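Student: The structure under discussion is supplied below as C-alpha cells; questions concerning it will follow.
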Amino acid sequence: MTTMRAVRAHKRGGAEQLTYESAPRPEPAPGEVLVAVRAASITSGELDWDASWTDSFDGTGRDRTPVVPSHEVSGVVAALGPGVTGLAVGDEVYGLIPFTRDGAAAEYVTVPADVLAAKPARLDHDSAAAVPLAALTAWQGLSGHAALKPGQHVLVQGGAGGVGSFAVQIARALGARVTTTALPQDREFVTRLGADRVVDYSTDRFEDQVADVDVVFDAVGGDTQSRSWAVLRPGGTLVSIVQPPDPDAATDATARGVFFVVEPDRAGLDAITELIDDGRLTPAVDRVVPLAETPAAYEALGKEHRRGKIVLHVGGGNGD
C-alpha cells in the first residue's frame, strides 16, 4: 500500500481549505513509528497556528503544505523505523504529535516513538484520542508550572471545555479544592467532573464569589484573565494557555504569571494513563465524526458551544 485517505490543506487558511483525498502513505524514518490511526482529535485555533503550516512556531520556517491537521492520535503500531525499541507492531498507542509535522487526520501517520505511550486499557480509541493535547496541557500546567499541592484551592476558568474539563479532574486528583466557571447548562457536567463549586459566569462576576485562590488555570484569556488577579492570594500562580499574563499585574497582585504551550510528553501521558485506568480521569467527548467530515468539524469548533473534544473516527472498530 503506497496511498491512504487523508484530510489535507494545500494552501494556508481555515476549514475551507481542507480536502478529504488520496495521499501518499508516509514511511517511518529512524526513531519513528508508523501508526495506523484509529481516531484523532481536533483543537480550536489549530489552523491559525504558524506551526500547523511551517516547520517553526513563529512562521519563519519552511512551508509544509500540503499539511495534514489534528495532533492527537490513538491507533495501532503498523511499522517501526530503524532504531526503535520498546514498541512492537500491533501495540495500541496514543500521543501528542509535535505541532510542526503532519497530524493524524489520515489513515496513517508517522510519529516520533518517544512521544507515544500505551493507550489506556479503560478507553476505546475514540475516547483515547480526546486525551493527549488537552490532558497534557492541564497536567503540565497544574502539576508542572503551578506545582499544585494537596489542599490548595484552584479556580479553573472554563471548566466545561476540552482542556478545562481535564483541569477540573486533574486538580481534584492532585488533592485540590476546585472552583470553576461555567454556564448554567454545564453545572451538572462540571460537578460530575469534580468541581466543588461552580460560578455561573453569565450572571455572576467570579471575583465577587471567589477569593484566596492558590492557582488560577486560565483557559479563557482576555478580560477573564485580567480579572483573575483579584482572586489570587499573595504568592499564588496564574497559569494561562491562552496569552501571556501581564507582568505588571502579577507584580501588583504579589503573584506569579505563567504562559506555556503544551509539549509532547510520554512521562506525562503515562501519569495520565494511570489516572484514567484508576477511574479518576475521564475524557469528555462532545461528538465523534467520520474522517470525511473533518472540514465541517473544524468549522464547528469556532461556532458551537461544546463539552469536551470533537473526535475523528478514522479506521477499524470502536475500541479495536
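Chain labels follow the order of the C-alpha cells: the first chain is A, the next B, and so on; residue numbering restarts at 1 in every chain, and ligands are counted from 1 in their shown order.
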Can you list, as number ranges by chain, every protein, DNA or RNA residue that comes within 9 Å of segment 260-277 of chain A when you count only C-alpha atoms, leaving out same-chain residues fewer than 6 positions away?

Tutor: A: 94-99, 114-123, 131-141, 145, 170, 173, 239-244, 283

Student: Would you give me, as a list in words, the residues in segment 15-156 of chain A that DSSP reads as alpha helix (DSSP H)?

Tutor: His125, Asp126, Ser127, Ala128, Pro132, Leu133, Ala134, Ala135, Leu136, Thr137, Ala138 and Trp139 of chain A

Student: Could you take the residues named above and write them with C-alpha atoms, as a PDB file, in the first residue's frame?

Tutor:
ATOM      1  CA  HIS A 125      -9.599   4.582  20.566  1.00  0.00           C
ATOM      2  CA  ASP A 126     -12.222   7.285  20.067  1.00  0.00           C
ATOM      3  CA  SER A 127     -12.093   8.242  23.742  1.00  0.00           C
ATOM      4  CA  ALA A 128      -8.302   7.918  23.934  1.00  0.00           C
ATOM      5  CA  PRO A 132      -3.293  13.763  24.706  1.00  0.00           C
ATOM      6  CA  LEU A 133      -3.253  17.506  23.980  1.00  0.00           C
ATOM      7  CA  ALA A 134      -5.957  18.570  26.404  1.00  0.00           C
ATOM      8  CA  ALA A 135      -4.955  16.335  29.305  1.00  0.00           C
ATOM      9  CA  LEU A 136      -1.228  17.033  28.891  1.00  0.00           C
ATOM     10  CA  THR A 137      -1.984  20.767  28.855  1.00  0.00           C
ATOM     11  CA  ALA A 138      -3.848  20.501  32.145  1.00  0.00           C
ATOM     12  CA  TRP A 139      -1.236  18.165  33.640  1.00  0.00           C
TER      13      TRP A 139
END

Student: Using only C-alpha atoms, which residue out of A:Ala211, A:Val220, A:Leu312, A:Ala147 lies closest to Thr181 of chain A?

Tutor: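 Between A:Ala211, A:Val220, A:Leu312, A:Ala147, the residue approaching Thr181 of chain A most closely is A:Val220.
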
Student: If you run DSSP on the backbone here, which positions in segment 119-317 of chain A get strand (DSSP E)? Please write them as a PyMOL selection string.

Tutor: chain A and resi 153-157+177-182+197-200+213-218+232-240+256-259+285-290+309-313

Student: Just N, CA and C atoms for this one: save the residues we selected as a compact mmCIF listing (two decimals), in the first residue's frame.

Tutor:
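That gives us part19.txt:
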# COMPACT_ATOMS: atom_id res chain seq x y z
N HIS A 153 -6.38 25.56 46.71
CA HIS A 153 -7.62 25.94 46.05
C HIS A 153 -7.30 26.36 44.62
N VAL A 154 -7.98 25.75 43.65
CA VAL A 154 -7.78 26.04 42.23
C VAL A 154 -9.06 26.62 41.64
N LEU A 155 -8.90 27.68 40.85
CA LEU A 155 -10.00 28.21 40.04
C LEU A 155 -9.71 27.88 38.60
N VAL A 156 -10.56 27.07 37.97
CA VAL A 156 -10.42 26.73 36.56
C VAL A 156 -11.37 27.63 35.77
N GLN A 157 -10.81 28.50 34.95
CA GLN A 157 -11.62 29.36 34.10
C GLN A 157 -11.99 28.60 32.83
N ARG A 177 -8.90 21.60 46.12
CA ARG A 177 -10.30 22.04 46.14
C ARG A 177 -10.53 22.84 44.88
N VAL A 178 -11.61 22.53 44.14
CA VAL A 178 -11.76 23.06 42.79
C VAL A 178 -13.02 23.92 42.66
N THR A 179 -12.81 25.14 42.19
CA THR A 179 -13.90 26.01 41.77
C THR A 179 -13.74 26.22 40.27
N THR A 180 -14.86 26.28 39.56
CA THR A 180 -14.76 26.54 38.12
C THR A 180 -15.87 27.47 37.67
N THR A 181 -15.62 28.17 36.57
CA THR A 181 -16.66 28.98 35.94
C THR A 181 -17.27 28.17 34.80
N ALA A 182 -18.58 28.29 34.63
CA ALA A 182 -19.29 27.55 33.60
C ALA A 182 -20.66 28.17 33.40
N ARG A 197 -17.29 23.79 43.53
CA ARG A 197 -18.15 24.96 43.41
C ARG A 197 -18.15 25.42 41.96
N VAL A 198 -19.30 25.86 41.48
CA VAL A 198 -19.45 26.32 40.10
C VAL A 198 -20.01 27.74 40.12
N VAL A 199 -19.33 28.65 39.42
CA VAL A 199 -19.78 30.03 39.32
C VAL A 199 -20.34 30.25 37.91
N ASP A 200 -21.56 30.70 37.82
CA ASP A 200 -22.21 30.99 36.54
C ASP A 200 -21.66 32.31 36.00
N VAL A 213 -7.45 32.20 46.25
CA VAL A 213 -7.16 31.08 45.36
C VAL A 213 -5.65 30.91 45.25
N ASP A 214 -5.19 29.67 45.32
CA ASP A 214 -3.76 29.39 45.18
C ASP A 214 -3.32 29.36 43.72
N VAL A 215 -4.17 28.80 42.86
CA VAL A 215 -3.83 28.66 41.44
C VAL A 215 -5.06 28.99 40.60
N VAL A 216 -4.87 29.86 39.62
CA VAL A 216 -5.87 30.07 38.58
C VAL A 216 -5.36 29.38 37.32
N PHE A 217 -6.18 28.48 36.77
CA PHE A 217 -5.87 27.86 35.49
C PHE A 217 -6.75 28.55 34.45
N ASP A 218 -6.12 29.33 33.58
CA ASP A 218 -6.85 30.19 32.65
C ASP A 218 -6.90 29.58 31.26
N LEU A 232 -6.54 35.82 43.48
CA LEU A 232 -5.35 35.09 43.90
C LEU A 232 -4.86 35.58 45.26
N ARG A 233 -4.46 34.64 46.10
CA ARG A 233 -3.81 35.02 47.34
C ARG A 233 -2.39 35.50 47.03
N PRO A 234 -1.76 36.27 47.90
CA PRO A 234 -0.36 36.64 47.71
C PRO A 234 0.52 35.39 47.57
N GLY A 235 1.36 35.37 46.56
CA GLY A 235 2.19 34.20 46.30
C GLY A 235 1.54 33.17 45.42
N GLY A 236 0.31 33.42 44.99
CA GLY A 236 -0.39 32.48 44.12
C GLY A 236 0.14 32.52 42.69
N THR A 237 -0.43 31.64 41.86
CA THR A 237 0.04 31.49 40.48
C THR A 237 -1.12 31.51 39.51
N LEU A 238 -1.00 32.30 38.46
CA LEU A 238 -1.95 32.28 37.35
C LEU A 238 -1.25 31.61 36.17
N VAL A 239 -1.78 30.48 35.74
CA VAL A 239 -1.24 29.74 34.60
C VAL A 239 -2.21 29.89 33.44
N SER A 240 -1.73 30.43 32.33
CA SER A 240 -2.59 30.63 31.17
C SER A 240 -2.11 29.81 29.98
N ARG A 256 2.39 35.23 40.68
CA ARG A 256 3.24 34.80 39.56
C ARG A 256 2.35 34.47 38.37
N GLY A 257 2.77 34.90 37.18
CA GLY A 257 2.03 34.60 35.96
C GLY A 257 2.87 33.73 35.04
N VAL A 258 2.24 32.70 34.46
CA VAL A 258 2.93 31.76 33.58
C VAL A 258 2.08 31.55 32.32
N PHE A 259 2.72 31.62 31.16
CA PHE A 259 2.10 31.20 29.92
C PHE A 259 2.94 30.08 29.33
N VAL A 285 -15.97 13.74 25.60
CA VAL A 285 -16.08 13.72 24.14
C VAL A 285 -17.41 14.35 23.75
N ASP A 286 -17.34 15.47 23.03
CA ASP A 286 -18.56 16.14 22.60
C ASP A 286 -19.26 15.35 21.51
N ARG A 287 -18.48 14.87 20.54
CA ARG A 287 -19.03 14.05 19.46
C ARG A 287 -17.92 13.34 18.72
N VAL A 288 -18.30 12.29 18.00
CA VAL A 288 -17.38 11.54 17.14
C VAL A 288 -17.92 11.61 15.72
N VAL A 289 -17.05 12.02 14.78
CA VAL A 289 -17.47 12.16 13.39
C VAL A 289 -16.54 11.37 12.48
N PRO A 290 -17.02 10.96 11.31
CA PRO A 290 -16.15 10.25 10.37
C PRO A 290 -15.04 11.16 9.84
N LYS A 309 -14.12 17.36 23.66
CA LYS A 309 -13.44 17.34 22.37
C LYS A 309 -14.32 16.79 21.24
N ILE A 310 -14.01 17.24 20.02
CA ILE A 310 -14.56 16.63 18.81
C ILE A 310 -13.53 15.63 18.29
N VAL A 311 -13.97 14.39 18.10
CA VAL A 311 -13.08 13.30 17.72
C VAL A 311 -13.39 12.84 16.30
N LEU A 312 -12.33 12.55 15.55
CA LEU A 312 -12.46 11.99 14.20
C LEU A 312 -12.27 10.49 14.29
N HIS A 313 -13.29 9.72 13.89
CA HIS A 313 -13.15 8.26 13.84
C HIS A 313 -12.55 7.91 12.48

Student: Taking only C-alpha atoms into account, which of A:Pro28, A:Ala129, A:Ala88, A:Tyr108 comes nearest His71 of chain A?

Tutor: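 Among the listed residues, A:Ala129 lies closest to His71 of chain A.
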